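Here is the file upload_29.cif (mmCIF, C-alpha atoms and all ligand atoms).
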```
data_run
#
loop_
_atom_site.label_atom_id
_atom_site.label_comp_id
_atom_site.auth_asym_id
_atom_site.auth_seq_id
_atom_site.Cartn_x
_atom_site.Cartn_y
_atom_site.Cartn_z
CA MET A 8 0.00 0.00 0.00
CA LYS A 9 1.63 3.23 -1.14
CA LEU A 10 -0.41 5.60 1.08
CA ASP A 11 -1.08 3.42 4.11
CA LYS A 12 -2.95 5.44 6.81
CA LYS A 13 -2.06 8.77 5.15
CA VAL A 14 -4.76 11.44 5.49
CA ALA A 15 -5.52 13.05 2.13
CA ILE A 16 -7.86 15.95 1.33
CA ILE A 17 -9.07 16.08 -2.26
CA THR A 18 -10.94 19.24 -3.18
CA GLY A 19 -13.55 18.80 -5.89
CA GLY A 20 -13.31 15.08 -5.18
CA GLY A 21 -16.96 14.41 -5.95
CA LYS A 22 -16.60 14.13 -9.72
CA GLY A 23 -14.24 13.67 -12.64
CA ILE A 24 -10.50 13.81 -11.92
CA GLY A 25 -10.93 14.42 -8.17
CA ARG A 26 -13.21 11.39 -7.86
CA ALA A 27 -10.64 9.17 -9.60
CA ILE A 28 -7.88 10.48 -7.32
CA ALA A 29 -10.01 9.86 -4.20
CA LEU A 30 -10.76 6.27 -5.25
CA ARG A 31 -7.14 5.56 -6.20
CA PHE A 32 -5.74 7.00 -2.96
CA ALA A 33 -8.29 5.03 -0.91
CA SER A 34 -7.33 1.82 -2.74
CA GLU A 35 -3.73 2.49 -1.62
CA GLY A 36 -4.73 2.71 2.05
CA ALA A 37 -5.29 6.48 2.45
CA ARG A 38 -7.98 7.97 4.65
CA VAL A 39 -9.62 10.26 2.13
CA VAL A 40 -11.50 13.53 2.72
CA ILE A 41 -13.70 14.53 -0.20
CA ALA A 42 -14.22 18.29 0.00
CA ASP A 43 -16.68 19.45 -2.60
CA ILE A 44 -19.16 22.27 -3.05
CA ASP A 45 -21.55 19.55 -4.25
CA TYR A 46 -22.15 17.60 -1.04
CA ASP A 47 -24.28 14.89 -2.68
CA SER A 48 -21.44 13.94 -5.05
CA ALA A 49 -18.93 13.97 -2.20
CA MET A 50 -21.21 11.72 -0.08
CA LYS A 51 -21.65 9.29 -2.98
CA ILE A 52 -17.90 8.76 -3.32
CA SER A 53 -17.42 8.64 0.43
CA LYS A 54 -20.04 5.84 0.67
CA GLU A 55 -18.34 4.01 -2.20
CA ILE A 56 -15.03 4.15 -0.32
CA GLY A 57 -16.50 3.27 3.08
CA GLY A 58 -15.47 3.73 6.72
CA SER A 59 -12.16 5.58 6.51
CA SER A 60 -13.43 8.43 4.33
CA LEU A 61 -15.17 11.70 5.06
CA ALA A 62 -17.36 13.90 2.86
CA LEU A 63 -17.44 17.66 3.50
CA LYS A 64 -19.33 20.50 1.86
CA VAL A 65 -16.67 23.10 1.08
CA ASP A 66 -16.49 26.06 -1.26
CA VAL A 67 -12.72 26.40 -1.66
CA SER A 68 -13.05 30.11 -2.43
CA SER A 69 -14.44 30.73 1.07
CA LYS A 70 -11.81 31.23 3.80
CA LYS A 71 -14.41 30.28 6.41
CA ASP A 72 -15.29 27.01 4.64
CA VAL A 73 -11.60 26.14 4.24
CA GLU A 74 -10.86 26.85 7.92
CA ASN A 75 -13.85 24.70 8.95
CA MET A 76 -12.61 21.93 6.67
CA VAL A 77 -9.14 21.90 8.19
CA ARG A 78 -10.52 22.04 11.74
CA THR A 79 -12.91 19.15 11.07
CA VAL A 80 -10.18 17.00 9.49
CA MET A 81 -7.78 17.68 12.38
CA GLU A 82 -10.50 16.78 14.92
CA ARG A 83 -11.34 13.57 13.07
CA PHE A 84 -7.89 12.34 12.01
CA GLY A 85 -5.37 14.45 13.97
CA ARG A 86 -3.15 15.11 10.94
CA ILE A 87 -3.09 15.96 7.23
CA ASP A 88 -0.46 14.33 5.00
CA ILE A 89 -1.68 15.14 1.49
CA LEU A 90 -3.69 17.94 -0.10
CA VAL A 91 -4.84 17.77 -3.71
CA ASN A 92 -6.05 21.16 -4.96
CA ASN A 93 -8.29 19.84 -7.71
CA ALA A 94 -11.53 21.89 -7.47
CA GLY A 95 -11.91 24.03 -10.54
CA ILE A 96 -14.48 25.67 -12.78
CA GLN A 97 -14.40 26.71 -16.40
CA THR A 98 -16.52 29.03 -18.54
CA GLU A 99 -16.09 30.31 -22.08
CA LYS A 100 -16.34 33.99 -23.03
CA PRO A 101 -14.64 36.25 -25.59
CA PHE A 102 -12.16 38.51 -23.79
CA VAL A 103 -14.01 41.75 -24.63
CA ASP A 104 -17.31 40.39 -23.23
CA LEU A 105 -15.88 38.92 -20.03
CA SER A 106 -17.43 40.58 -16.96
CA VAL A 107 -15.44 41.34 -13.82
CA LYS A 108 -17.83 39.03 -11.96
CA GLU A 109 -17.08 36.04 -14.21
CA TRP A 110 -13.32 36.78 -14.20
CA LYS A 111 -13.37 36.97 -10.38
CA ARG A 112 -15.39 33.80 -9.80
CA VAL A 113 -13.04 31.68 -11.91
CA LEU A 114 -9.92 33.22 -10.30
CA ASP A 115 -11.49 32.89 -6.83
CA VAL A 116 -12.18 29.17 -7.16
CA ASN A 117 -9.20 28.02 -9.24
CA LEU A 118 -6.40 30.20 -7.87
CA THR A 119 -7.48 31.78 -4.57
CA GLY A 120 -9.09 28.46 -3.54
CA THR A 121 -5.76 26.72 -3.95
CA PHE A 122 -3.98 29.50 -2.03
CA LEU A 123 -6.48 29.27 0.86
CA CYS A 124 -6.40 25.46 1.11
CA SER A 125 -2.60 25.26 0.75
CA GLN A 126 -1.98 27.91 3.42
CA ALA A 127 -4.43 26.43 5.94
CA VAL A 128 -3.14 22.88 5.41
CA ALA A 129 0.56 23.86 5.37
CA LYS A 130 0.12 25.58 8.76
CA GLU A 131 -1.14 22.30 10.27
CA MET A 132 1.62 20.26 8.61
CA ILE A 133 4.22 22.65 10.02
CA LYS A 134 2.62 22.62 13.48
CA LYS A 135 2.59 18.82 13.52
CA LYS A 136 6.10 18.69 12.04
CA ASN A 137 4.95 15.99 9.64
CA GLU A 138 6.25 15.65 6.09
CA GLY A 139 3.57 16.74 3.65
CA VAL A 140 2.58 16.74 0.02
CA ILE A 141 0.56 19.31 -1.91
CA ILE A 142 -0.53 18.62 -5.48
CA ASN A 143 -2.07 21.40 -7.58
CA ILE A 144 -4.14 20.59 -10.66
CA SER A 145 -3.37 23.18 -13.31
CA SER A 146 -3.75 22.57 -17.07
CA ILE A 147 -1.62 22.59 -20.21
CA HIS A 148 -3.49 25.86 -20.80
CA GLY A 149 -1.52 27.33 -17.93
CA TYR A 150 1.21 27.71 -20.58
CA ILE A 151 -0.51 27.23 -23.95
CA PRO A 152 -2.84 30.09 -24.90
CA ARG A 153 -6.17 29.76 -26.72
CA ILE A 154 -9.25 31.90 -27.25
CA LYS A 155 -12.30 32.58 -25.02
CA LYS A 156 -10.70 31.14 -21.86
CA VAL A 157 -8.49 34.02 -20.65
CA HIS A 158 -9.85 33.87 -17.08
CA TYR A 159 -9.48 30.07 -16.76
CA ASP A 160 -6.07 29.97 -18.44
CA ALA A 161 -4.75 32.91 -16.38
CA SER A 162 -5.87 31.09 -13.21
CA LYS A 163 -4.07 27.93 -14.35
CA ALA A 164 -0.90 29.89 -15.20
CA GLY A 165 -1.09 31.39 -11.69
CA LEU A 166 -1.21 27.88 -10.22
CA ILE A 167 2.10 27.02 -11.86
CA MET A 168 3.91 29.91 -10.16
CA LEU A 169 2.02 29.29 -6.91
CA THR A 170 3.37 25.73 -7.07
CA LYS A 171 6.97 26.83 -7.61
CA GLU A 172 6.92 29.58 -4.97
CA THR A 173 5.32 27.38 -2.31
CA ALA A 174 7.63 24.47 -3.19
CA LEU A 175 10.59 26.77 -2.57
CA GLU A 176 9.22 28.25 0.63
CA LEU A 177 7.89 25.03 2.20
CA ALA A 178 10.86 22.78 1.33
CA LYS A 179 12.51 23.51 4.70
CA HIS A 180 9.43 22.04 6.39
CA LYS A 181 9.71 18.87 4.25
CA ILE A 182 6.52 19.76 2.41
CA ARG A 183 6.72 18.95 -1.32
CA VAL A 184 4.53 20.86 -3.77
CA ASN A 185 4.02 19.69 -7.34
CA CYS A 186 1.67 20.47 -10.17
CA ILE A 187 -0.18 18.33 -12.72
CA ALA A 188 -1.09 19.83 -16.09
CA PRO A 189 -3.80 17.71 -17.74
CA GLY A 190 -4.67 17.96 -21.42
CA ILE A 191 -8.11 16.81 -22.58
CA ILE A 192 -9.65 14.48 -20.00
CA ASP A 193 -13.08 12.85 -20.24
CA THR A 194 -14.93 14.32 -17.22
CA PRO A 195 -18.25 16.08 -16.52
CA MET A 196 -16.41 19.39 -17.13
CA ASN A 197 -15.96 18.39 -20.79
CA GLN A 198 -19.26 16.56 -21.17
CA GLU A 199 -20.85 19.05 -23.56
CA LEU A 200 -17.77 19.19 -25.78
CA LEU A 201 -17.03 15.47 -25.88
CA SER A 202 -20.63 14.27 -26.25
CA ASP A 203 -20.60 15.62 -29.79
CA VAL A 204 -19.27 12.70 -31.87
CA GLU A 205 -17.56 14.85 -34.51
CA THR A 206 -15.86 17.14 -31.96
CA ARG A 207 -14.69 14.10 -30.00
CA LYS A 208 -13.17 12.60 -33.15
CA LYS A 209 -11.41 15.88 -33.99
CA MET A 210 -10.07 16.23 -30.45
CA LYS A 211 -8.72 12.68 -30.55
CA GLN A 212 -6.96 13.38 -33.83
CA ARG A 213 -5.23 16.43 -32.31
CA VAL A 214 -3.67 14.33 -29.54
CA PRO A 215 -0.39 12.62 -30.62
CA LEU A 216 -1.34 9.43 -28.70
CA LYS A 217 -4.75 9.58 -30.47
CA LYS A 218 -6.87 9.22 -27.39
CA ILE A 219 -8.82 11.36 -24.96
CA GLY A 220 -7.41 11.06 -21.43
CA GLU A 221 -9.28 9.31 -18.63
CA PRO A 222 -9.48 10.66 -15.05
CA GLU A 223 -7.49 7.56 -14.00
CA ASP A 224 -4.55 8.75 -16.14
CA VAL A 225 -4.33 11.82 -13.90
CA ALA A 226 -4.92 9.75 -10.75
CA SER A 227 -1.90 7.56 -11.58
CA LEU A 228 0.40 10.59 -11.62
CA ALA A 229 -1.24 12.03 -8.49
CA LEU A 230 -0.51 8.75 -6.68
CA PHE A 231 3.14 8.87 -7.76
CA LEU A 232 3.48 12.49 -6.60
CA ALA A 233 1.70 11.76 -3.29
CA SER A 234 3.82 8.70 -2.50
CA ASN A 235 7.42 8.29 -1.38
CA GLU A 236 8.28 7.19 -4.92
CA SER A 237 8.61 10.92 -5.69
CA SER A 238 10.36 11.92 -2.46
CA TYR A 239 13.05 13.97 -4.29
CA ILE A 240 10.60 15.83 -6.56
CA THR A 241 9.26 19.27 -5.69
CA GLY A 242 8.23 22.32 -7.73
CA ALA A 243 7.65 20.19 -10.84
CA VAL A 244 4.94 20.76 -13.44
CA VAL A 245 4.08 17.47 -15.16
CA PRO A 246 1.76 17.23 -18.16
CA VAL A 247 -0.69 14.34 -18.58
CA ASP A 248 -1.83 15.08 -22.10
CA GLY A 249 -0.97 12.29 -24.54
CA GLY A 250 1.65 14.60 -26.03
CA LEU A 251 -0.80 17.42 -26.88
CA SER A 252 1.42 20.16 -25.46
CA LEU A 253 4.28 19.05 -27.75
CA LYS A 254 2.39 20.31 -30.80
CA PRO A 255 2.91 23.83 -32.13
N1 LIG B 1 -11.15 17.72 -17.69
C1 LIG B 1 -10.12 18.26 -18.30
O1 LIG B 1 -9.93 18.09 -19.51
C2 LIG B 1 -9.15 19.12 -17.53
C3 LIG B 1 -8.02 19.59 -18.22
C4 LIG B 1 -7.10 20.38 -17.54
C5 LIG B 1 -7.31 20.68 -16.20
N2 LIG B 1 -8.43 20.23 -15.57
C6 LIG B 1 -8.60 20.61 -14.16
O2 LIG B 1 -8.79 19.47 -13.37
C7 LIG B 1 -9.60 19.77 -12.24
C8 LIG B 1 -10.77 18.81 -12.19
O3 LIG B 1 -11.51 18.95 -13.40
P1 LIG B 1 -12.67 17.97 -13.85
O4 LIG B 1 -12.60 17.92 -15.33
O5 LIG B 1 -12.65 16.72 -13.05
O6 LIG B 1 -13.93 18.87 -13.44
P2 LIG B 1 -15.41 18.47 -13.03
O7 LIG B 1 -16.24 19.66 -13.33
O8 LIG B 1 -15.77 17.19 -13.67
O9 LIG B 1 -15.29 18.28 -11.46
C9 LIG B 1 -14.92 19.36 -10.64
C10 LIG B 1 -15.37 19.13 -9.22
O10 LIG B 1 -15.03 20.31 -8.49
C11 LIG B 1 -16.15 20.70 -7.69
N3 LIG B 1 -16.10 22.16 -7.43
C12 LIG B 1 -16.39 23.16 -8.29
N4 LIG B 1 -16.28 24.35 -7.68
C13 LIG B 1 -15.92 24.09 -6.40
C14 LIG B 1 -15.65 24.92 -5.28
N5 LIG B 1 -15.78 26.26 -5.33
N6 LIG B 1 -15.29 24.34 -4.12
C15 LIG B 1 -15.19 22.97 -4.03
N7 LIG B 1 -15.45 22.14 -5.06
C16 LIG B 1 -15.80 22.70 -6.23
C17 LIG B 1 -17.35 20.29 -8.50
O11 LIG B 1 -18.53 20.18 -7.71
C18 LIG B 1 -16.88 18.94 -9.08
O12 LIG B 1 -17.17 17.87 -8.21
C19 LIG B 1 -10.02 21.23 -12.42
O13 LIG B 1 -9.18 22.06 -11.67
C20 LIG B 1 -9.82 21.47 -13.90
O14 LIG B 1 -9.60 22.82 -14.19
C21 LIG B 1 -9.35 19.46 -16.20
#
```

Could the structure of this file be written out as structure tokens, please?
Ligand SMILES: NC(=O)c1ccc[n+]([C@@H]2O[C@H](COP(=O)([O-])OP(=O)(O)OC[C@H]3O[C@@H](n4cnc5c(N)ncnc54)[C@H](O)[C@@H]3O)[C@@H](O)[C@H]2O)c1
Amino acid sequence: MKLDKKVAIITGGGKGIGRAIALRFASEGARVVIADIDYDSAMKISKEIGGSSLALKVDVSSKKDVENMVRTVMERFGRIDILVNNAGIQTEKPFVDLSVKEWKRVLDVNLTGTFLCSQAVAKEMIKKKNEGVIINISSIHGYIPRIKKVHYDASKAGLIMLTKETALELAKHKIRVNCIAPGIIDTPMNQELLSDVETRKKMKQRVPLKKIGEPEDVASLALFLASNESSYITGAVVPVDGGLSLKP
């Protein structure tokens, strides 16, 4: 068991990539906390995992929710070993039509949410003097631009620097911080796009490995980064994209 008795918080763990990470970590012996704004989804996964897991309703953009989450996890398990900052939202809007409200909401959840969770969890890890792991889920669009997603892509670019800065600052506390940059993954977030047969075919063709990624592809890397197998890796940004980011 690679994560025996480790306590892992997975934000946005109720669906898609977060769900796959929660299930994979639990299968490796972790006690998993599924922190999602959608409590029903979090409960469903928690029930699937069984006794050693916990479902919490958390909006990662709310400092109060995040503080409650950390307090509850500390009361229940007494420690936090792993945090996966996976919760994220995406909308599409031409740059000139993007409202401040929409810009802010996406930045608040994707970037500020990760800041709030990482800070609150790192404080506990430091207090307990336990080695810790933080994994941030960015995107290949944190470094590859496209149209109509400036708010989302700017938030994902921010996560890459947040990863590197926190990796540097927290290294002395034996807390490793790494970042995963997925390409196109088949999740509820992409349901509308990928349910169209023609679009799906076109997307597949664009990927050098000629397949759309599965949430489990991301979970495999998350497990490696959470485990001792990666004990000398910090501040890294690793794509899981079938080679998509290699293309011009
Ligand atoms: N699917 C992809 O192709 C892809 C590609 C690159 C990056 N990503 C990133 O991976 C992460 C997971 O994406 P996904 O495709 O599984 O998405 P998803 O929409 O399928 O699932 C996201 C989960 O996050 C939860 N969530 C949303 N807002 C939240 C909030 N404020 N607080 C707590 N939980 C919240 C949702 O309820 C949901 O359970 C996101 O950060 C996303 O940006 C996804």

Hey, which residues sit close to ligand LIG 1 (chain B)? Say within 6 Å, counting all atoms listed in the file, and write them as JSON, numbers by chain. {"A": [18, 19, 20, 21, 22, 23, 24, 25, 43, 44, 45, 65, 66, 67, 68, 93, 94, 95, 96, 116, 144, 145, 146, 189, 190, 191, 192, 193, 194, 195, 196, 197]}

Residue contacts of Glu35 of chain A (7 Å, only C-alpha atoms) excluding same-chain residues fewer than 4 positions away, as a list in words: Met8, Lys9, Leu10, Asp11 and Arg31 of chain A

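Closest approach to Leu177 of chain A among A:Ile154, A:Glu221, A:Thr241, A:Glu199: A:Thr241, based on all atoms listed in the file.
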
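Among the candidate residues A:Ile147, A:Met81, A:Leu201, A:Ala62, the one lying nearest to Gly250 of chain A is A:Ile147, with distances computed using all atoms listed in the file.
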
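Checking A:Leu251, A:Ile240, A:Val245, A:Ile52 one by one against Ile219 of chain A, counting all atoms listed in the file, you find the shortest gap at A:Leu251.
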
Nearest to Val107 of chain A, restricted to only C-alpha atoms and choosing among A:His158, A:Ile167, A:Ile16, A:Ala42, comes out as A:His158

Practice prompt. For Lys111 of chain A, list every protein, DNA or RNA residue within 12 Å, evaluated using only C-alpha atoms, and leave out those in the same chain fewer than 5 positions away; present the list as number ranges by chain.
Written response: A: 68, 96-98, 105-106, 116-120, 157-159, 161-162

| message | With only C-alpha atoms as the counted atoms, please give the residues lying no more than 10 Å from Ala15 of chain A, apart from itself and same-chain residues fewer than 5 positions off, as a ChimeraX atom specification. | response | /A:10,29,32-33,37-41,60,80,86-91,139-141,233

Adding 6 Å on each side of the box along x, y and z that holds all listed atoms of segment 195-213 of chain A, could you give its centre and edge lengths in Å to one decimal, as JSON?
```
{"center_x": -13.0, "center_y": 16.0, "center_z": -25.5, "size_x": 27.6, "size_y": 18.8, "size_z": 30.0}
```

Leaving out Val77 of chain A and any residue of its chain fewer than 6 positions from it, which residues lie within 9 Å of it when counting all atoms listed in the file, given as a compact mmCIF listing (two decimals) with C-alpha atoms, keeping the file's coordinate frame?
```txt
# COMPACT_ATOMS: atom_id res chain seq x y z
CA ILE A 87 -3.09 15.96 7.23
CA CYS A 124 -6.40 25.46 1.11
CA ALA A 127 -4.43 26.43 5.94
CA VAL A 128 -3.14 22.88 5.41
CA GLU A 131 -1.14 22.30 10.27
```

With distances taken over all atoms listed in the file, the candidate from A:Thr170, A:Asn137, A:Thr206, A:Asn92 nearest Ile17 of chain A is A:Asn92

Atom CA of Arg213 of chain A to atom CA of Pro246 of chain A measures 15.8 Å

| Nearest to Val113 of chain A among A:Gly85, A:Gly165, A:Ala49, A:Ile56, with distances taken over only C-alpha atoms: which residue is it? |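 Among the listed residues, A:Gly165 lies closest to Val113 of chain A.
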
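Picture a line from atom CA of Ser59 of chain A to atom CA of Ser34 of chain A; it runs 11.1 Å.
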
Excluding same-chain residues fewer than 2 positions from segment 148-150 of chain A, what lies within 6 Å of it counting only C-alpha atoms, as an MDAnalysis selection string? chainID A and resid 146 152 160 163:164

Worksheet item: Which distance in Å separates atom CA of Pro222 of chain A and atom CA of Gly242 of chain A, to one decimal?
Response: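 One can read the atom CA of Pro222 of chain A to atom CA of Gly242 of chain A distance as 22.4 Å.
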